[in-house]
file start17.csv (CSV, C-alpha atoms)
chain,number,residue,atom,x,y,z
Z,1,MET,CA,2.6,-15.1,-5.5
Z,2,ARG,CA,-0.3,-12.9,-6.7
Z,3,ARG,CA,-1.4,-13.4,-10.3
Z,4,LEU,CA,-2.6,-10.4,-12.4
Z,5,ARG,CA,-5.4,-11.0,-14.8
Z,6,ALA,CA,-5.6,-9.1,-18.1
Z,7,CYS,CA,-7.7,-6.0,-18.1
Z,8,LEU,CA,-9.9,-4.4,-20.7
Z,9,GLY,CA,-8.3,-3.9,-24.1
Z,10,ALA,CA,-7.5,-0.3,-25.0
Z,11,ALA,CA,-10.4,0.2,-27.4
Z,12,THR,CA,-12.9,-1.3,-25.0
Z,13,ALA,CA,-11.5,0.7,-22.1
Z,14,VAL,CA,-11.8,4.0,-24.0
Z,15,THR,CA,-15.4,3.3,-24.9
Z,16,THR,CA,-16.1,2.4,-21.3
Z,17,VAL,CA,-14.5,5.7,-20.1
Z,18,ALA,CA,-16.6,7.7,-22.5
Z,19,LEU,CA,-19.8,6.0,-21.5
Z,20,ALA,CA,-19.0,6.4,-17.8
Z,21,ALA,CA,-18.2,10.1,-18.2
Z,22,SER,CA,-21.7,10.6,-19.6
Z,23,ALA,CA,-23.2,8.7,-16.7
Z,24,LEU,CA,-21.3,10.9,-14.3
Z,25,VAL,CA,-23.7,13.8,-14.8
Z,26,ALA,CA,-26.6,11.7,-13.8
Z,27,THR,CA,-24.8,10.3,-10.8
Z,28,ASN,CA,-23.8,13.7,-9.6
Z,29,ALA,CA,-27.4,14.9,-9.8
Z,30,GLU,CA,-28.5,11.8,-7.9
Z,31,GLY,CA,-27.6,12.6,-4.4
Z,32,ALA,CA,-24.3,14.5,-4.3
Z,33,SER,CA,-24.3,17.9,-2.7
Z,34,ALA,CA,-23.3,21.0,-4.7
Z,35,ALA,CA,-19.6,20.9,-5.4
Z,36,LEU,CA,-17.4,22.5,-2.8
Z,37,SER,CA,-14.8,25.0,-3.8
Z,38,ASN,CA,-11.4,23.5,-5.0
Z,39,ARG,CA,-9.9,25.0,-1.8
Z,40,TRP,CA,-11.9,22.4,0.2
Z,41,TYR,CA,-10.8,19.5,-1.9
Z,42,ALA,CA,-7.3,20.8,-1.6
Z,43,ALA,CA,-7.7,20.8,2.2
Z,44,ALA,CA,-9.3,17.3,2.6
Z,45,PRO,CA,-7.3,15.2,5.1
Z,46,TYR,CA,-7.0,11.4,4.6
Z,47,LEU,CA,-9.5,9.1,6.2
Z,48,MET,CA,-9.6,5.3,5.9
Z,49,PRO,CA,-13.4,4.6,5.9
Z,50,LEU,CA,-13.0,0.8,6.5
Z,51,ASP,CA,-9.8,0.4,8.5
Z,52,ASN,CA,-7.9,1.8,11.5
Z,53,ASP,CA,-11.0,2.3,13.7
Z,54,PRO,CA,-12.7,4.8,11.3
Z,55,PRO,CA,-14.0,7.9,13.2
Z,56,ASP,CA,-17.4,9.3,12.6
Z,57,ALA,CA,-17.1,11.9,9.8
Z,58,GLY,CA,-20.1,13.8,11.0
Z,59,ALA,CA,-18.7,14.2,14.4
Z,60,ILE,CA,-15.4,15.6,12.9
Z,61,MET,CA,-17.4,18.1,10.8
Z,62,ASP,CA,-19.3,19.3,13.9
Z,63,ALA,CA,-16.3,19.7,16.1
Z,64,SER,CA,-13.8,21.1,13.6
Z,65,GLY,CA,-15.8,22.8,10.8
Z,66,LEU,CA,-14.2,20.4,8.2
Z,67,LYS,CA,-16.2,19.8,5.0
Z,68,ALA,CA,-14.0,17.6,2.8
Z,69,PHE,CA,-12.5,14.2,3.3
Z,70,GLN,CA,-9.8,12.3,1.3
Z,71,LEU,CA,-11.0,8.7,1.5
Z,72,ALA,CA,-8.2,6.0,1.1
Z,73,PHE,CA,-7.3,3.8,-0.6
Z,74,ILE,CA,-8.4,2.3,-4.0
Z,75,LEU,CA,-6.2,-0.7,-5.0
Z,76,ALA,CA,-6.3,-3.6,-7.4
Z,77,PRO,CA,-7.8,-6.8,-6.0
Z,78,SER,CA,-5.5,-8.7,-3.7
Z,79,GLY,CA,-6.1,-11.8,-5.8
Z,80,GLY,CA,-5.3,-10.0,-9.1
Z,81,GLY,CA,-7.2,-8.1,-11.7
Z,82,CYS,CA,-8.0,-4.7,-13.1
Z,83,SER,CA,-11.0,-3.6,-11.1
Z,84,PRO,CA,-11.1,-1.1,-8.2
Z,85,THR,CA,-11.4,-2.2,-4.6
Z,86,TRP,CA,-11.1,-0.6,-1.2
Z,87,ASP,CA,-7.8,-1.7,0.3
Z,88,GLY,CA,-7.6,-4.6,-2.2
Z,89,THR,CA,-10.4,-6.5,-0.6
Z,90,ALA,CA,-13.8,-4.7,-0.9
Z,91,PRO,CA,-15.0,-4.3,-4.6
Z,92,VAL,CA,-16.2,-0.8,-5.4
Z,93,SER,CA,-18.9,-2.4,-7.7
Z,94,SER,CA,-20.7,-3.9,-4.8
Z,95,ASP,CA,-19.9,-1.4,-2.1
Z,96,THR,CA,-22.6,0.0,0.2
Z,97,ALA,CA,-20.6,0.8,3.3
Z,98,VAL,CA,-18.4,3.6,1.9
Z,99,LYS,CA,-21.3,4.9,-0.2
Z,100,ALA,CA,-23.4,5.3,3.0
Z,101,LYS,CA,-20.6,7.3,4.7
Z,102,ILE,CA,-20.3,9.5,1.6
Z,103,ASP,CA,-24.0,10.1,1.5
Z,104,ALA,CA,-23.9,11.1,5.2
Z,105,ILE,CA,-21.1,13.5,4.6
Z,106,ARG,CA,-22.9,15.1,1.7
Z,107,ALA,CA,-26.2,15.3,3.7
Z,108,LYS,CA,-24.3,17.6,6.1
Z,109,GLY,CA,-23.0,19.9,3.3
Z,110,GLY,CA,-19.6,18.2,2.8
Z,111,ASP,CA,-18.0,16.1,0.1
Z,112,VAL,CA,-15.2,13.7,-0.5
Z,113,SER,CA,-12.2,13.0,-2.8
Z,114,VAL,CA,-11.0,9.5,-3.2
Z,115,SER,CA,-7.3,8.5,-3.1
Z,116,ILE,CA,-5.8,5.8,-5.1
Z,117,GLY,CA,-2.6,4.0,-4.4
Z,118,GLY,CA,-0.8,4.7,-1.1
Z,119,TYR,CA,2.1,2.7,0.4
Z,120,GLY,CA,2.2,-1.0,-0.3
Z,121,GLY,CA,-0.4,-3.2,-1.9
Z,122,THR,CA,-1.0,-3.7,-5.7
Z,123,LYS,CA,-2.0,-0.6,-7.5
Z,124,LEU,CA,-4.3,-0.6,-10.6
Z,125,GLY,CA,-1.4,1.0,-12.6
Z,126,GLN,CA,0.5,-2.2,-11.9
Z,127,ALA,CA,-2.4,-4.5,-12.7
Z,128,CYS,CA,-4.0,-2.9,-15.7
Z,129,SER,CA,-2.7,-3.3,-19.3
Z,130,ASP,CA,-2.4,0.3,-20.3
Z,131,PRO,CA,-3.5,3.9,-19.4
Z,132,ALA,CA,-6.9,3.5,-21.0
Z,133,ALA,CA,-7.7,0.3,-19.0
Z,134,THR,CA,-6.4,2.0,-15.9
Z,135,ALA,CA,-8.6,5.0,-16.5
Z,136,ALA,CA,-11.6,2.8,-17.1
Z,137,ALA,CA,-11.1,1.2,-13.7
Z,138,TYR,CA,-10.9,4.6,-12.0
Z,139,GLN,CA,-13.8,5.9,-13.9
Z,140,GLN,CA,-15.9,3.2,-12.1
Z,141,VAL,CA,-15.0,4.9,-8.8
Z,142,ILE,CA,-15.8,8.4,-10.1
Z,143,THR,CA,-19.1,7.3,-11.5
Z,144,LYS,CA,-20.1,5.2,-8.5
Z,145,TYR,CA,-19.6,8.0,-6.0
Z,146,GLY,CA,-20.2,11.0,-8.2
Z,147,LEU,CA,-16.7,12.4,-7.5
Z,148,LYS,CA,-15.5,15.9,-8.2
Z,149,ALA,CA,-12.0,15.2,-6.9
Z,150,ILE,CA,-9.5,12.4,-7.0
Z,151,ASP,CA,-6.0,11.9,-5.7
Z,152,PHE,CA,-3.2,9.8,-7.2
Z,153,ASP,CA,-0.9,8.7,-4.3
Z,154,LEU,CA,2.1,7.4,-6.2
Z,155,GLU,CA,4.7,5.9,-3.9
Z,156,GLU,CA,6.4,2.6,-3.0
Z,157,PRO,CA,6.4,0.1,-4.5
Z,158,GLU,CA,4.6,1.4,-7.6
Z,159,TYR,CA,6.5,4.5,-8.4
Z,160,GLU,CA,9.6,2.4,-8.9
Z,161,ASN,CA,7.8,0.7,-11.8
Z,162,THR,CA,8.1,2.8,-15.0
Z,163,ALA,CA,5.2,1.1,-16.8
Z,164,ALA,CA,2.9,1.5,-13.8
Z,165,VAL,CA,3.7,5.2,-13.5
Z,166,LYS,CA,3.0,5.6,-17.2
Z,167,ASN,CA,-0.3,3.9,-16.7
Z,168,GLU,CA,-1.2,6.1,-13.7
Z,169,ILE,CA,-0.2,9.4,-15.3
Z,170,GLY,CA,-1.9,8.5,-18.5
Z,171,ALA,CA,-5.1,7.5,-16.6
Z,172,ALA,CA,-5.0,10.8,-14.7
Z,173,LYS,CA,-4.9,12.7,-18.0
Z,174,ILE,CA,-7.8,10.7,-19.5
Z,175,LEU,CA,-9.9,11.2,-16.4
Z,176,GLN,CA,-9.1,14.9,-16.4
Z,177,GLN,CA,-10.2,15.2,-20.0
Z,178,ASN,CA,-13.4,13.1,-19.7
Z,179,ASN,CA,-14.6,14.6,-16.4
Z,180,PRO,CA,-14.6,18.4,-16.9
Z,181,GLY,CA,-13.8,20.3,-13.7
Z,182,LEU,CA,-12.4,17.2,-11.9
Z,183,TYR,CA,-9.9,18.3,-9.2
Z,184,VAL,CA,-6.8,16.1,-9.6
Z,185,SER,CA,-3.9,15.9,-7.1
Z,186,VAL,CA,-0.8,13.8,-7.4
Z,187,THR,CA,1.0,12.9,-4.2
Z,188,THR,CA,4.4,11.4,-3.8
Z,189,ALA,CA,7.3,10.9,-1.4
Z,190,GLY,CA,9.2,13.9,0.0
Z,191,THR,CA,12.9,14.1,0.7
Z,192,ALA,CA,15.1,16.9,2.1
Z,193,ASP,CA,15.8,18.1,-1.5
Z,194,GLY,CA,12.1,18.0,-2.4
Z,195,THR,CA,11.5,14.5,-3.8
Z,196,GLY,CA,13.7,11.6,-4.7
Z,197,TRP,CA,14.8,10.1,-8.0
Z,198,PHE,CA,11.6,8.2,-8.5
Z,199,GLY,CA,9.5,11.3,-7.7
Z,200,LYS,CA,11.5,13.3,-10.3
Z,201,GLN,CA,11.0,10.5,-12.9
Z,202,MET,CA,7.2,10.7,-12.2
Z,203,LEU,CA,7.3,14.5,-12.9
Z,204,LEU,CA,9.2,13.9,-16.1
Z,205,GLU,CA,6.6,11.3,-17.2
Z,206,ALA,CA,3.8,13.9,-16.6
Z,207,LYS,CA,5.7,16.4,-18.6
Z,208,SER,CA,6.2,14.0,-21.5
Z,209,GLN,CA,2.5,13.2,-21.5
Z,210,GLY,CA,1.5,16.9,-21.4
Z,211,PHE,CA,-0.4,16.3,-18.1
Z,212,THR,CA,-0.8,19.0,-15.5
Z,213,PRO,CA,-2.9,18.2,-12.4
Z,214,ASN,CA,-4.1,20.8,-9.9
Z,215,ASN,CA,-1.1,20.1,-7.9
Z,216,PHE,CA,1.9,17.8,-7.2
Z,217,SER,CA,2.1,17.2,-3.5
Z,218,ILE,CA,5.0,15.8,-1.5
Z,219,MET,CA,5.0,14.0,1.9
Z,220,PRO,CA,7.8,15.4,4.0
Z,221,PHE,CA,7.9,12.8,6.7
Z,222,ASP,CA,9.6,9.4,7.2
Z,223,GLY,CA,12.7,10.7,5.6
Z,224,GLY,CA,14.8,12.1,8.5
Z,225,PHE,CA,12.6,15.2,9.0
Z,226,ASN,CA,12.6,17.1,12.2
Z,227,GLY,CA,9.7,19.5,12.7
Z,228,ALA,CA,8.4,22.3,10.5
Z,229,ALA,CA,11.6,23.9,9.5
Z,230,SER,CA,12.8,20.8,7.7
Z,231,GLN,CA,9.4,20.4,6.0
Z,232,THR,CA,9.3,24.0,4.7
Z,233,SER,CA,12.9,23.6,3.4
Z,234,ALA,CA,11.8,20.5,1.4
Z,235,LEU,CA,8.8,22.4,0.0
Z,236,THR,CA,11.1,25.2,-1.1
Z,237,ASN,CA,13.4,22.7,-2.8
Z,238,PHE,CA,10.5,20.9,-4.4
Z,239,ASN,CA,9.3,24.3,-5.8
Z,240,SER,CA,12.7,24.6,-7.6
Z,241,ILE,CA,12.2,21.1,-9.0
Z,242,LEU,CA,8.8,22.0,-10.4
Z,243,GLN,CA,10.2,25.1,-11.9
Z,244,SER,CA,13.1,23.3,-13.7
Z,245,THR,CA,10.9,20.4,-14.8
Z,246,PHE,CA,8.0,22.3,-16.3
Z,247,GLY,CA,9.6,25.7,-17.0
Z,248,TRP,CA,7.3,27.5,-14.6
Z,249,ASP,CA,8.2,30.6,-12.7
Z,250,GLN,CA,8.2,30.4,-8.9
Z,251,ALA,CA,4.7,31.6,-8.4
Z,252,THR,CA,3.3,29.2,-10.9
Z,253,ALA,CA,5.2,26.4,-9.4
Z,254,TYR,CA,3.8,27.2,-5.9
Z,255,ALA,CA,0.3,27.4,-7.4
Z,256,HIS,CA,0.8,23.7,-8.5
Z,257,GLU,CA,2.4,22.5,-5.3
Z,258,GLY,CA,1.0,20.8,-2.3
Z,259,PHE,CA,1.9,19.6,1.2
Z,260,SER,CA,0.8,16.2,2.7
Z,261,GLY,CA,2.0,15.8,6.2
Z,262,MET,CA,1.7,13.3,9.0
Z,263,ASN,CA,0.2,14.4,12.3
Z,264,GLY,CA,1.9,13.5,15.5
Z,265,ARG,CA,4.5,10.6,15.5
Z,266,SER,CA,5.5,9.4,12.1
Z,267,ASP,CA,6.3,5.8,11.1
Z,268,THR,CA,10.0,6.5,11.8
Z,269,GLY,CA,9.5,8.3,15.1
Z,270,GLU,CA,9.6,11.9,13.9
Z,271,ILE,CA,7.3,14.2,15.8
Z,272,PHE,CA,5.1,16.8,14.2
Z,273,THR,CA,3.0,18.9,16.7
Z,274,GLN,CA,0.2,21.4,16.2
Z,275,ALA,CA,2.8,24.1,16.2
Z,276,ASP,CA,4.6,22.5,13.3
Z,277,PHE,CA,1.3,22.3,11.4
Z,278,GLN,CA,0.7,26.0,12.0
Z,279,THR,CA,4.2,26.9,10.7
Z,280,VAL,CA,3.7,24.8,7.5
Z,281,LEU,CA,0.2,26.2,7.1
Z,282,ASP,CA,1.6,29.8,7.3
Z,283,TYR,CA,4.3,28.8,4.7
Z,284,ALA,CA,1.7,27.3,2.4
Z,285,THR,CA,-0.7,30.2,2.5
Z,286,SER,CA,2.0,32.9,2.2
Z,287,HIS,CA,3.5,31.2,-0.8
Z,288,GLY,CA,0.1,30.6,-2.6
Z,289,MET,CA,0.4,26.8,-2.5
Z,290,ASP,CA,-2.5,24.8,-3.8
Z,291,ARG,CA,-2.9,22.0,-1.2
Z,292,PHE,CA,-2.5,21.3,2.5
Z,293,THR,CA,-3.5,17.9,3.8
Z,294,PHE,CA,-2.3,15.2,6.2
Z,295,TRP,CA,-2.3,11.5,7.1
Z,296,SER,CA,-4.7,10.9,8.8
Z,297,LEU,CA,-8.0,11.7,10.5
Z,298,ASN,CA,-8.0,8.2,11.9
Z,299,ARG,CA,-4.9,9.3,13.9
Z,300,ASP,CA,-6.3,12.8,14.8
Z,301,ARG,CA,-7.0,12.0,18.5
Z,302,GLN,CA,-5.2,11.4,21.8
Z,303,CYS,CA,-3.8,8.0,22.4
Z,304,THR,CA,-4.6,6.1,25.6
Z,305,PRO,CA,-2.3,3.7,27.5
Z,306,ALA,CA,-4.4,0.9,26.1
Z,307,ASP,CA,-3.8,1.7,22.4
Z,308,ASN,CA,-0.3,3.2,22.3
Z,309,GLY,CA,3.0,2.7,23.9
Z,310,GLY,CA,5.0,5.7,22.8
Z,311,ARG,CA,5.0,4.3,19.2
Z,312,THR,CA,3.3,5.1,16.0
Z,313,SER,CA,-0.3,4.1,15.8
Z,314,GLY,CA,-2.8,4.0,12.9
Z,315,THR,CA,-5.6,5.1,15.3
Z,316,CYS,CA,-4.1,8.0,17.3
Z,317,SER,CA,-1.3,10.6,17.0
Z,318,SER,CA,1.0,9.7,20.0
Z,319,VAL,CA,1.2,13.4,20.9
Z,320,ALA,CA,-0.9,15.4,23.4
Z,321,GLN,CA,-4.0,16.8,21.7
Z,322,ASN,CA,-7.7,17.3,21.7
Z,323,SER,CA,-9.7,15.2,19.1
Z,324,TRP,CA,-9.5,16.8,15.6
Z,325,ASP,CA,-6.9,19.4,16.5
Z,326,PHE,CA,-5.0,18.8,13.3
Z,327,ALA,CA,-8.2,18.8,11.1
Z,328,LYS,CA,-8.6,22.5,12.1
Z,329,TYR,CA,-5.5,23.4,10.2
Z,330,SER,CA,-7.1,22.0,7.0
Z,331,VAL,CA,-10.2,24.1,7.8
Z,332,LYS,CA,-8.0,27.2,8.1
Z,333,PHE,CA,-6.3,26.4,4.8
Z,334,ALA,CA,-9.8,26.1,3.1
Z,335,GLY,CA,-10.5,29.7,4.4
Z,336,ALA,CA,-13.0,28.8,7.1
Z,337,THR,CA,-12.9,29.5,10.9
Z,338,PRO,CA,-12.8,26.3,13.1
Z,339,PRO,CA,-15.1,26.1,16.1
Z,340,THR,CA,-13.4,27.2,19.4
Z,341,THR,CA,-12.4,24.4,21.8
Z,342,THR,CA,-10.4,24.1,25.0
Z,343,PRO,CA,-6.6,24.2,24.6
Z,344,PRO,CA,-4.8,20.9,24.2
Z,345,THR,CA,-3.1,19.3,27.1
Z,346,SER,CA,0.6,19.7,27.8
Z,347,GLY,CA,3.0,18.5,25.1
Z,348,GLY,CA,4.9,15.3,24.9
Z,349,THR,CA,4.2,11.7,23.9
Z,350,THR,CA,2.3,9.1,25.8
Z,351,THR,CA,4.5,6.3,27.2
Z,352,PRO,CA,2.3,3.7,28.8
Z,353,PRO,CA,3.6,0.2,29.6
Z,354,ALA,CA,3.7,-2.7,27.1
Z,355,THR,CA,0.3,-4.3,26.4
Z,356,GLY,CA,-0.7,-8.0,26.1
Z,357,CYS,CA,0.3,-10.0,23.1
Z,358,LYS,CA,-2.2,-10.6,20.3
Z,359,THR,CA,-2.9,-14.0,18.7
Z,360,ALA,CA,0.3,-15.5,17.4
Z,361,TRP,CA,1.2,-15.0,13.7
Z,362,SER,CA,0.5,-18.0,11.5
Z,363,THR,CA,2.3,-19.0,8.3
Z,364,SER,CA,-1.0,-20.3,6.8
Z,365,SER,CA,-3.4,-17.5,7.8
Z,366,VAL,CA,-4.5,-14.7,5.4
Z,367,TYR,CA,-4.4,-11.3,7.0
Z,368,THR,CA,-5.8,-8.0,5.7
Z,369,ALA,CA,-5.2,-4.4,6.6
Z,370,GLY,CA,-5.8,-3.8,10.3
Z,371,ASN,CA,-5.4,-7.4,11.5
Z,372,GLU,CA,-3.2,-7.7,14.5
Z,373,VAL,CA,-0.8,-10.5,15.5
Z,374,SER,CA,2.1,-11.2,17.9
Z,375,TYR,CA,5.5,-12.4,16.8
Z,376,ASN,CA,8.9,-12.4,18.6
Z,377,SER,CA,7.3,-10.7,21.7
Z,378,HIS,CA,6.0,-7.8,19.7
Z,379,ASN,CA,2.5,-6.9,18.4
Z,380,TRP,CA,2.2,-6.2,14.7
Z,381,LYS,CA,-0.6,-4.7,12.6
Z,382,ALA,CA,-1.1,-5.7,8.9
Z,383,LYS,CA,-0.7,-2.7,6.4
Z,384,TRP,CA,-2.3,-4.7,3.6
Z,385,TRP,CA,-3.2,-8.2,2.5
Z,386,THR,CA,-0.5,-10.7,3.3
Z,387,GLN,CA,0.1,-14.4,3.8
Z,388,ASN,CA,3.2,-16.2,4.9
Z,389,GLU,CA,5.3,-13.0,5.2
Z,390,LYS,CA,7.0,-12.9,8.6
Z,391,PRO,CA,6.5,-9.6,10.5
Z,392,ALA,CA,9.6,-7.4,10.3
Z,393,ALA,CA,10.3,-3.7,10.6
Z,394,THR,CA,11.8,-3.3,7.1
Z,395,ASP,CA,10.8,-1.3,4.1
Z,396,GLY,CA,8.2,-3.1,2.0
Z,397,ASN,CA,7.2,-5.5,4.8
Z,398,PRO,CA,3.4,-5.7,5.2
Z,399,TRP,CA,3.6,-5.5,9.0
Z,400,GLN,CA,3.8,-2.4,11.2
Z,401,ASP,CA,5.5,-2.9,14.6
Z,402,GLU,CA,3.3,-1.9,17.4
Z,403,GLY,CA,5.8,-2.4,20.1
Z,404,ALA,CA,6.8,-5.0,22.7
Z,405,CYS,CA,4.1,-7.1,24.4
call {"tool": "encode", "arguments": {"input": "start17.csv", "output": "structure tokens"}}
result
Amino acid sequence: MRRLRACLGAATAVTTVALAASALVATNAEGASAALSNRWYAAAPYLMPLDNDPPDAGAIMDASGLKAFQLAFILAPSGGGCSPTWDGTAPVSSDTAVKAKIDAIRAKGGDVSVSIGGYGGTKLGQACSDPAATAAAYQQVITKYGLKAIDFDLEEPEYENTAAVKNEIGAAKILQQNNPGLYVSVTTAGTADGTGWFGKQMLLEAKSQGFTPNNFSIMPFDGGFNGAASQTSALTNFNSILQSTFGWDQATAYAHEGFSGMNGRSDTGEIFTQADFQTVLDYATSHGMDRFTFWSLNRDRQCTPADNGGRTSGTCSSVAQNSWDFAKYSVKFAGATPPTTTPPTSGGTTTPPATGCKTAWSTSSVYTAGNEVSYNSHNWKAKWWTQNEKPAATDGNPWQDEGAC
């Protein structure tokens, strides 16, 4: 069991947030490039900078024209506590690796947003005592990296926790107030009718706190979706939810709505091709939506027989493509023209034979995100920190099935 340590008290946290907000000005002037337009932050695809075979951001920028990246994910420490870490294991306070990547992106005229939360792991909203303490933890991230944009990715298991969602939404409101001009997105699960019960409860919490981010984005994948038509239908339904929740007209709701897709093969075997992305992009731009992003750049490249067997991978898309094909749709959403490349190869998924088995899973070993093991003649990859949890293809399990071996 993981133990959670008490965080800063509310009064101390508020003071910390105020001081950190003052420090932000100096940090931004210290090495960050001039702020990009909000359209770029709204178009930033997700990139894991420390896991899933991180691609070179500079190479992506050169090949696709992309300027903004959504770095993921900030979590509470795996061992407990109310301080920000990358993936639950790498403290932000002592980080140099991610900072170097951000500096390199900015040196090429780009910038980053940072995403907090994601699927699985312990979130700061769960670990911290209240919204002020949660905001103080996130302010450390904003100040450390001189951020002008931040994303709250509220999904399982956190968004099923009422107190945690209250902390996250309250923290987002505090950060928005204490960092003028900060671009704030809130991302949550998508369903055929827009978003599920927990997503709707999150919207009601935002309404009750008087909090309005730049956008509320849904992720229409891993929920029985089948191509672009099902995704645009979900976006239409979500627009109606935003209207009824906040009393907005249709245009205002679209101006506060975002799309966060998954390129290639989803976790549940759905397939989203370049053509699907173009259809959703056309929908988003024609309806005046605020955000168009996807999970992830780590996957925006062709699989090889060695790294994929017709299954979902964290490091490639499982569909035929050229590297960074999907990033170019984000570039188009931002209003830029991607560089011209050769057409992608013929469609279809790759179906190489099963690969060799990894080292056998052990009940006593500690595994972190990206570690691979074998169990019951399948290879498995850890999604987050875990110990003594048997690999299984079930919701909430820390292991991702990579297929037979």
call {"tool": "closest_residue", "arguments": {"input": "start17.csv", "among": "Z:Thr252, Z:Thr359, Z:Ser323, Z:Gln387", "to": "Met289 in chain Z", "atoms": "all atoms listed in the file"}}
result
Z:Thr252
call {"tool": "residues_around", "arguments": {"input": "start17.csv", "residues": "Asn376 in chain Z", "least_positions_apart": "5", "cutoff": "12 Å", "atoms": "all atoms listed in the file", "output": "list in words"}}
result
Cys357, Lys358, Thr359, Ala360, Trp361, Lys390, Pro391, Ala392, Ala393, Asp401, Glu402, Gly403, Ala404 and Cys405 of chain Z
call {"tool": "atom_distance", "arguments": {"input": "start17.csv", "atom1": "CA of Ala327 in chain Z", "atom2": "CA of Gly88 in chain Z"}}
result
26.9 Å
call {"tool": "atom_distance", "arguments": {"input": "start17.csv", "atom1": "CA of Pro45 in chain Z", "atom2": "CA of Ala206 in chain Z"}}
result
24.4 Å
call {"tool": "residues_around", "arguments": {"input": "start17.csv", "residues": "Thr337 in chain Z", "least_positions_apart": "6", "cutoff": "10 Å", "atoms": "only C-alpha atoms", "output": "compact mmCIF listing (two decimals) with C-alpha atoms, keeping the file's coordinate frame"}}
result
# COMPACT_ATOMS: atom_id res chain seq x y z
CA SER Z 64 -13.80 21.10 13.60
CA GLY Z 65 -15.80 22.80 10.80
CA LEU Z 66 -14.20 20.40 8.20
CA LYS Z 328 -8.60 22.50 12.10
CA TYR Z 329 -5.50 23.40 10.20
CA VAL Z 331 -10.20 24.10 7.80
call {"tool": "residues_around", "arguments": {"input": "start17.csv", "residues": "range 179-189 of chain Z", "least_positions_apart": "3", "cutoff": "7 Å", "atoms": "all atoms listed in the file", "output": "MDAnalysis selection string"}}
result
chainID Z and resid 21 38 148:155 175:176 195 199 213:219
call {"tool": "closest_residue", "arguments": {"input": "start17.csv", "among": "Z:Gly335, Z:Gly81, Z:Gly227, Z:Gly170", "to": "Ala135 in chain Z", "atoms": "only C-alpha atoms"}}
result
Z:Gly170
call {"tool": "atom_distance", "arguments": {"input": "start17.csv", "atom1": "CA of Thr386 in chain Z", "atom2": "CA of Tyr367 in chain Z"}}
result
5.4 Å
call {"tool": "closest_residue", "arguments": {"input": "start17.csv", "among": "Z:Trp399, Z:Phe198, Z:Tyr254, Z:Phe211", "to": "Thr162 in chain Z", "atoms": "only C-alpha atoms"}}
result
Z:Phe198
call {"tool": "closest_residue", "arguments": {"input": "start17.csv", "among": "Z:Asp282, Z:Asp130, Z:Asp267, Z:Asp276", "to": "Ser317 in chain Z", "atoms": "only C-alpha atoms"}}
result
Z:Asp267
call {"tool": "residues_around", "arguments": {"input": "start17.csv", "residues": "Met262 in chain Z", "least_positions_apart": "6", "cutoff": "8 Å", "atoms": "only C-alpha atoms", "output": "JSON, numbers by chain"}}
result
{"Z": [219, 221, 272, 294, 295, 296]}
call {"tool": "residues_around", "arguments": {"input": "start17.csv", "residues": "Ala234 in chain Z", "least_positions_apart": "6", "cutoff": "12 Å", "atoms": "only C-alpha atoms", "output": "MDAnalysis selection string"}}
result
chainID Z and resid 189:196 217:221 223:228 240:241 257:261 280 283
call {"tool": "closest_residue", "arguments": {"input": "start17.csv", "among": "Z:Cys82, Z:Leu50, Z:Leu281, Z:Ala43", "to": "Ala100 in chain Z", "atoms": "all atoms listed in the file"}}
result
Z:Leu50
call {"tool": "closest_residue", "arguments": {"input": "start17.csv", "among": "Z:Thr212, Z:Ser83, Z:Thr232, Z:Gln278", "to": "Trp248 in chain Z", "atoms": "only C-alpha atoms"}}
result
Z:Thr212
